[in-house]
Amino acid sequence: MLISRLAFLIGIFAFIAGSCPEAVSGEKKAEFLSARAIWPAGLSHEKNCFVCFHTVCERPEGDNVTVRIAASSRYRLYVNGLFAGHGPARGPHGWYRIDEWSVGDMLVDGNNIIVIEAAGYNVNSYYLLDQPSFVQAEVVADGTVICSTGSDLHGFRAFLLPERVKKVQRYSFQRPFIEYYRLNPEWGSWRTTDTLTRNEVNCEILEDKQLIPRRVPCPAFDLRQPIRIVSKGTVSIGAVPEKLWKDRSMTNIGQKLGGYPENELDLVVSTELQRFTYTVRDSVTIPYSHSGKNTMVAGNWRVYDFGTNLTGFIGLEISCEKPVTVFLTFDEILTGLDVDFRRLSCVNAVGYELKPGMYTLESFEPYTLRYLKVIALDGPCTISACTLRELANPSVNNAFFASSNPQLNDIFDAARETFRQNATDIFMDCPSRERAGWLCDSYFTARVAFDLTGNTSIEHNFLENFLLPERFENLPEGMLPMCYPADHLDGVFIPNWALWFVLELEEYGKRSGDREMVDAFRERVMKLFDYFEGFENEYGLLESLESWVFVEWSAANKFVQDVNYPSNMLYAAALDAAGRMYGFDMLSHKAERIRDVVRKRSFDGTFFRDNAVRSENGTLTETDNRTEVCQYFAFYFGCATPETHPELWRTLVTGFGPYRNPEREYPKIFPANSFVGNYLRLELLSGEGLSEQVKSEIAGYFSGMAELTGTLWENNGTYASCNHGFASHTAHSLYRDIAGLYNIDRVSRKVELVFNDCGLTWCRARVPVTDGFVTVKWYREGDAVKYRADIPAGYTVTVRQAKGLQAIPE
């Protein structure tokens with residue numbers, strides 16, 4: 001075991017020291033020139049501690065000035081009172097990424113104020129790691145350090161920011177604390193003055209940190225404003241309701257979920273908000289004006305509409321002549337004419353107690369919303385600006401799709417919008433409730449990242465986070481966390497997600513040409529299969545898997561014991577992928593043996609059954625549980641093909657999909673959900689060249705989503721996240737099945753075009769590649785597709801003729 005562990009560590013460090021063809025080639029070592037990690041003395045383990053680090057420096061010659069920062073947990077950067085950045089990019093346990101912010105054009109002659117506001121949360125979550133708080137930062141001009149933390153050079157002064165109330169509830173089970181502030185008009189003055197009236201606190205220098213590059217682009221922070229006000233009315237405050245909503249993020253605080261117990265909270269915002277009764281005075285459509293001022297009297301509220309679902313930092317410019325309490329609640333959809341802050345099982349609220357004066361407010365954490373409700377209590381106030389500063393991927397704007405079907409165009413825009421909010425530093429499930437790096441979701445999102453950005457840098461970071469830790473605490477030996485970076489103190493994991501990881505790793509190797517990363521994971525992949533081998537029964541099938549066995553968000557998740565056939569189909573595919581990656585034929589042979597058993601036991605002559613149960617006498621017997629998604633797993637993972645199971649294939653093609661009524665059509669087959677069944681269905685239709693049906697079903701599944709939120713959802717309905725990263729995979733389908741960009745191999749510099757009959761009259765599309773763009777345009781002329789493909793120098797194009805259509809170059 002010791003030799004194995006040493007070999008694993010040697011492999012990791014060889015990987016870090018090496019380079020991959022695309023993401024790391026020529027990469028400089030991640031290190032600070034002089035900065036050391038610091039935090040107010042004795043507080044590095046303090047929960048929800050808010051600190052300001054402040055320095056004043058003269059403008060150096062030239063504009064090549066960079067602020068370099070690593071931190072735990074979060075920070076935002078201001079230069080001369082202007083927002084300059086938010087981070088850090090996330091790394092794994094014990095490793096920290098260095099962000100670099102170019103600020104030369106923000107400097108002025110004379111003194112310049114550089115401020116880092118940092119929050120140390122010190123609780124476990126799916127969003128941020130529970131690691132001791134620190135900030136390590138330096139200002140560098142042309143390679144010379146101007147000031148830095150913890151060094152003998154000109155440094156940063158630190159002071160606490162108690163205006164952010166410390167003892168508040170968590171935002172969600174998956175994210176740390178909500179924001180609630182008690183402010184006076186001097187709040188934020190340190191961002192613009194070199195004269196501080198606050199008491200400086202002593203900082204301690206902490207242990208040296210292991211550092212790695214950020215590698216991915218800095219996010220876009222564009223300011224957005226509402227397009228209209230959609231409703232307004234009055235609010236009254238009553239007693240606490242008898243049926244009080246309390247999320248597990250408050251009731252489960254203890255050894256396995258960090259936070260402050262309810263009896264220690266300074267106030268309980270979720271309870272306060274449930275005391276409010278709202279009266280809708282007007283259903284309105286008032287265009288928003290950034291130059292206008294909106295006066296709200298005490299006990300009033302209004303709802304602003306940003307026009308589409310966005311993620312970022314909520315801002316207000318607000319003034320009051322008397323003390324006022326303001327709550328901001330928000331959501332992705334309207335519930336009636338109102339905002340339900342609880343819909344997502346989060347506390348979607350930020351609170352401010354304001355003394356008389358003028359304020360420019362902006363939330364420290366990012367939130368996701370289309371609708372923002374402003375509630376004014378106690379006194380009147382005037383709102384002169386309402387904004388959302390986006391936190392989004394900056395690299396997608398050059399990706400383009402347009403066709404003769406406006407519905408598809410809107411869906412593409414929604415897919416791109418969904419991706420840009422869910423892929424800033426890692427691939428996230430959603431930018432709201434969790435902001436977590438989930439496996440399986442990432443399998444789909446990674447494909448879109450390659451289409452929309454032209455590179456695999458985010459995927460490289462995402463996978464690197466799973467590679468660098470020697471082991472994952474609280475999980476069985478060999479198992480991977482279901483989402484990461486995260487702390488899983490409860491020991492919960494999804495075994496299926498680790499198998500999806502193997503599938504993604506194989507695709508990543510092909511996308512990136514990064515053989516070094518694939519090889520670095522070899523032992524981790526083999527240990528994963530060692531874990532699963534312990535659950536193989538007498539038939540070679542996985543049985544009685546541990547923890548949270550997950551197929552998809554549907555009835556399929558009720559049929560996961562004792563032998564779950566979709567899980568075994570996935571297991572076979574993962575074994576096959578590893579066999580191809582590492583040249584282990586025995587894994588591929590094992591995969592085929594599993595498929596043979598699945599075909600014999602699961603298929604009932606009409607459909608594949610989901611599970612078999614073990615009786616008390618030891619007999620394994622198949623159930624009658626059958627789900628739509630199980631059929632898709634069978635075909636997607638090679639247990640069935642249209643040739644081996646033609647009747648089932650015809651049934652799936654003609655009898656299922658978005659237009660099926662499950663109460664009348666195949667009522668004994670439980671319907672699939674968006675994650676992941678609907679997407680697997682589209683992949684299968686694509687594989688058979690059924691592009692016109694793909695077009696129709698994309699519209700059926702997603703047009704309502706695009707219209708309602710401008711983003712794509714976690715489920716078929718609005719009962720969970722309406723902005724989920726994997727759902728952006730729809731853009732991949734549109735590029736491939738409608739535009740004809742079947743495959744772009746950026747390693748071999750080859751483009752393969754396939755023009756199937758999709759029922760459209762024309763289409764144009766553009767995707768970025770490392771050294772330019774691949775652009776394709778086509779239009780129908782009878783039974784021919786006339787096309788033009790523009791590619792960078794050094795690329796080659798091949799066109800595969802589709803059945804019934806002739807592809808003719810312009």
# chains A, B, ... in the order shown; residues from 1 in each chain; ligands from 1

$ select_by_dssp --residues "range 595-791 of chain A" --states "helix (DSSP H, G or I)" --output "NGL selection string"
:A and (595-602 or 628-636 or 646-655 or 674-687 or 691-708 or 725-739)

$ residues_around --residues "range 116-124 of chain A" --least-positions-apart "4" --cutoff "7 Å" --atoms "only C-alpha atoms" --output "number ranges by chain"
A: 45-54, 72-78, 129-133, 176, 257-259, 487

$ closest_atom_pairs --of "range 506-536 of chain A" --to "range 729-751 of chain A" --cutoff "12 Å" --atoms "only C-alpha atoms" --output "CSV"
residue,atom,partner,partner_atom,distance
A:Glu507,CA,A:Asp745,CA,11.6
A:Tyr508,CA,A:Val747,CA,11.6
A:Gly509,CA,A:Val747,CA,10.1
A:Lys510,CA,A:Val747,CA,8.0
A:Arg511,CA,A:Asp745,CA,7.0
A:Ser512,CA,A:Val747,CA,6.7
A:Gly513,CA,A:Val747,CA,6.1
A:Asp514,CA,A:Val747,CA,9.6
A:Arg515,CA,A:Val747,CA,11.7

$ closest_atom_pairs --of "range 298-355 of chain A" --to "range 414-422 of chain A" --cutoff "9 Å" --atoms "only C-alpha atoms" --output "CSV"
residue,atom,partner,partner_atom,distance
A:Asn309,CA,A:Glu417,CA,8.5
A:Leu310,CA,A:Gln421,CA,7.4
A:Thr311,CA,A:Gln421,CA,6.2
A:Gly312,CA,A:Gln421,CA,8.7

$ residues_around --residues "Pro356 in chain A" --least-positions-apart "3" --cutoff "12 Å" --atoms "only C-alpha atoms" --output "list of chain:residue names"
A:Arg182, A:Leu183, A:Asn184, A:Pro185, A:Glu186, A:Ile318, A:Ser319, A:Cys320, A:Glu321, A:Lys322, A:Pro323, A:Val324, A:Thr325, A:Glu353, A:Tyr359, A:Asp378, A:Gly379, A:Pro380, A:Cys381, A:Thr382

$ residues_around --residues "Thr606 in chain A" --least-positions-apart "6" --cutoff "12 Å" --atoms "only C-alpha atoms" --output "PDB file with C-alpha atoms, in the first residue's frame"
ATOM      1  CA  ARG A 599     -29.378  -8.522 -21.959  1.00  0.00           C
ATOM      2  CA  ASP A 624     -41.634  -5.396 -13.325  1.00  0.00           C
ATOM      3  CA  ARG A 626     -39.552  -0.343 -16.221  1.00  0.00           C
ATOM      4  CA  GLN A 631     -34.178   1.939 -22.230  1.00  0.00           C
ATOM      5  CA  HIS A 645     -33.568  -4.777 -30.593  1.00  0.00           C
ATOM      6  CA  PRO A 646     -35.434  -3.310 -33.589  1.00  0.00           C
ATOM      7  CA  GLU A 647     -38.944  -3.433 -32.119  1.00  0.00           C
ATOM      8  CA  LEU A 648     -37.916  -1.653 -28.936  1.00  0.00           C
ATOM      9  CA  TRP A 649     -36.003   0.918 -30.973  1.00  0.00           C
ATOM     10  CA  ARG A 650     -39.028   1.646 -33.159  1.00  0.00           C
ATOM     11  CA  THR A 651     -41.195   1.947 -30.060  1.00  0.00           C
ATOM     12  CA  LEU A 652     -38.821   4.428 -28.470  1.00  0.00           C
ATOM     13  CA  TYR A 666     -47.188   3.209 -22.391  1.00  0.00           C
ATOM     14  CA  ILE A 669     -43.241   2.830 -18.450  1.00  0.00           C
TER      15      ILE A 669
END

$ residues_around --residues "Phe637 in chain A" --least-positions-apart "3" --cutoff "10 Å" --atoms "only C-alpha atoms" --output "list in words"
Pro566, Asn568, Met569, Leu570, Tyr571, Ala572, Ala573, Ala574, Asp576, Arg595, Tyr632, Phe633, Ala634, Ala640 and Thr641 of chain A

$ select_by_dssp --residues "range 233-334 of chain A" --states "strand (DSSP E)" --output "ChimeraX atom specification"
/A:233-237,276-287,294-296,300-320,324-331

$ closest_residue --among "A:Cys57, A:Val269, A:Val613, A:Leu391" --to "Gly351 in chain A" --atoms "only C-alpha atoms"
A:Val269

$ residues_around --residues "Phe726 in chain A" --least-positions-apart "6" --cutoff "10 Å" --atoms "only C-alpha atoms" --output "PyMOL selection string"
chain A and resi 415+418-419+422+427-430+438+440-448+674-676+679+712-714

$ write_last_selection --atoms "C-alpha atoms" --output "mmCIF file, in the first residue's frame"
data_model
loop_
_atom_site.group_PDB
_atom_site.id
_atom_site.type_symbol
_atom_site.label_atom_id
_atom_site.label_comp_id
_atom_site.auth_asym_id
_atom_site.auth_seq_id
_atom_site.Cartn_x
_atom_site.Cartn_y
_atom_site.Cartn_z
ATOM 1 C CA ALA A 415 -28.020 27.127 -23.865
ATOM 2 C CA THR A 418 -26.771 28.700 -19.265
ATOM 3 C CA PHE A 419 -23.205 27.662 -19.982
ATOM 4 C CA ASN A 422 -22.154 27.732 -14.962
ATOM 5 C CA PHE A 427 -18.182 23.174 -14.375
ATOM 6 C CA MET A 428 -21.053 23.745 -11.956
ATOM 7 C CA ASP A 429 -24.421 22.097 -11.666
ATOM 8 C CA CYS A 430 -26.160 25.420 -11.075
ATOM 9 C CA TRP A 438 -20.755 17.737 -9.973
ATOM 10 C CA CYS A 440 -22.026 13.437 -14.561
ATOM 11 C CA ASP A 441 -23.213 17.027 -15.107
ATOM 12 C CA SER A 442 -19.640 17.748 -16.179
ATOM 13 C CA TYR A 443 -19.696 14.962 -18.788
ATOM 14 C CA PHE A 444 -22.268 16.964 -20.731
ATOM 15 C CA THR A 445 -21.035 20.473 -19.924
ATOM 16 C CA ALA A 446 -17.487 19.642 -21.000
ATOM 17 C CA ARG A 447 -18.645 18.936 -24.538
ATOM 18 C CA VAL A 448 -20.299 22.334 -24.748
ATOM 19 C CA SER A 674 -34.407 16.178 -18.278
ATOM 20 C CA PHE A 675 -31.403 14.951 -16.304
ATOM 21 C CA VAL A 676 -30.330 12.678 -17.897
ATOM 22 C CA TYR A 679 -30.412 14.184 -23.280
ATOM 23 C CA LEU A 712 -32.284 25.707 -19.517
ATOM 24 C CA TRP A 713 -33.438 23.733 -16.502
ATOM 25 C CA GLU A 714 -32.519 20.881 -14.185
#

$ residues_around --residues "Met106 in chain A" --least-positions-apart "6" --cutoff "9 Å" --atoms "only C-alpha atoms" --output "PyMOL selection string"
chain A and resi 79-80+82+84

$ write_last_selection --atoms "N, CA and C atoms" --output "PDB file, in the first residue's frame"
ATOM      1  N   VAL A  79     -10.212  48.819  -6.718  1.00  0.00           N
ATOM      2  CA  VAL A  79      -9.106  49.734  -6.992  1.00  0.00           C
ATOM      3  C   VAL A  79      -9.686  51.127  -7.138  1.00  0.00           C
ATOM      4  N   ASN A  80      -9.292  52.012  -6.244  1.00  0.00           N
ATOM      5  CA  ASN A  80      -9.802  53.396  -6.235  1.00  0.00           C
ATOM      6  C   ASN A  80     -11.336  53.437  -6.248  1.00  0.00           C
ATOM      7  N   LEU A  82     -13.416  51.293  -7.372  1.00  0.00           N
ATOM      8  CA  LEU A  82     -14.053  50.596  -8.481  1.00  0.00           C
ATOM      9  C   LEU A  82     -13.859  49.088  -8.340  1.00  0.00           C
ATOM     10  N   ALA A  84     -12.937  45.500  -9.171  1.00  0.00           N
ATOM     11  CA  ALA A  84     -11.883  45.023 -10.064  1.00  0.00           C
ATOM     12  C   ALA A  84     -11.800  43.509 -10.169  1.00  0.00           C
TER      13      ALA A  84
END

$ closest_atom_pairs --of "range 200-278 of chain A" --to "range 156-165 of chain A" --cutoff "8 Å" --atoms "only C-alpha atoms" --output "Markdown table"
| residue | atom | partner | partner_atom | distance |
| --- | --- | --- | --- | --- |
| A:Glu200 | CA | A:Phe159 | CA | 4.8 |
| A:Val201 | CA | A:Phe159 | CA | 5.3 |
| A:Asn202 | CA | A:Ala158 | CA | 7.2 |
| A:Cys203 | CA | A:Ala158 | CA | 7.3 |
| A:Asp266 | CA | A:Val165 | CA | 7.6 |

$ decode --residues "range 677-718 of chain A" --atoms "C-alpha atoms" --output "CSV table (one decimal), in the first residue's frame"
chain,number,residue,atom,x,y,z
A,677,GLY,CA,-32.9,10.7,-19.9
A,678,ASN,CA,-34.0,13.4,-22.4
A,679,TYR,CA,-30.4,14.2,-23.3
A,680,LEU,CA,-29.5,10.5,-23.8
A,681,ARG,CA,-32.6,10.2,-26.1
A,682,LEU,CA,-31.4,13.1,-28.2
A,683,GLU,CA,-27.9,11.5,-28.5
A,684,LEU,CA,-29.5,8.2,-29.6
A,685,LEU,CA,-31.7,9.9,-32.3
A,686,SER,CA,-28.6,11.8,-33.5
A,687,GLY,CA,-26.6,8.6,-33.8
A,688,GLU,CA,-29.2,7.3,-36.2
A,689,GLY,CA,-29.2,10.5,-38.3
A,690,LEU,CA,-32.7,11.4,-37.3
A,691,SER,CA,-32.0,15.2,-37.4
A,692,GLU,CA,-35.5,16.3,-38.2
A,693,GLN,CA,-36.8,14.5,-35.1
A,694,VAL,CA,-33.9,15.9,-33.1
A,695,LYS,CA,-35.0,19.3,-34.2
A,696,SER,CA,-38.6,18.7,-33.3
A,697,GLU,CA,-37.8,17.3,-29.9
A,698,ILE,CA,-35.4,20.0,-29.0
A,699,ALA,CA,-38.2,22.4,-29.6
A,700,GLY,CA,-40.6,20.3,-27.6
A,701,TYR,CA,-38.3,19.9,-24.6
A,702,PHE,CA,-36.7,23.3,-24.4
A,703,SER,CA,-38.7,26.1,-26.1
A,704,GLY,CA,-40.8,26.7,-23.0
A,705,MET,CA,-37.7,27.0,-20.9
A,706,ALA,CA,-36.0,29.5,-23.2
A,707,GLU,CA,-39.1,31.6,-23.3
A,708,LEU,CA,-39.7,31.7,-19.5
A,709,THR,CA,-36.2,32.1,-18.1
A,710,GLY,CA,-33.8,32.4,-21.1
A,711,THR,CA,-31.9,29.5,-19.6
A,712,LEU,CA,-32.3,25.7,-19.5
A,713,TRP,CA,-33.4,23.7,-16.5
A,714,GLU,CA,-32.5,20.9,-14.2
A,715,ASN,CA,-35.9,19.2,-14.6
A,716,ASN,CA,-38.8,19.2,-17.1
A,717,GLY,CA,-40.6,21.7,-14.7
A,718,THR,CA,-39.8,24.7,-12.6
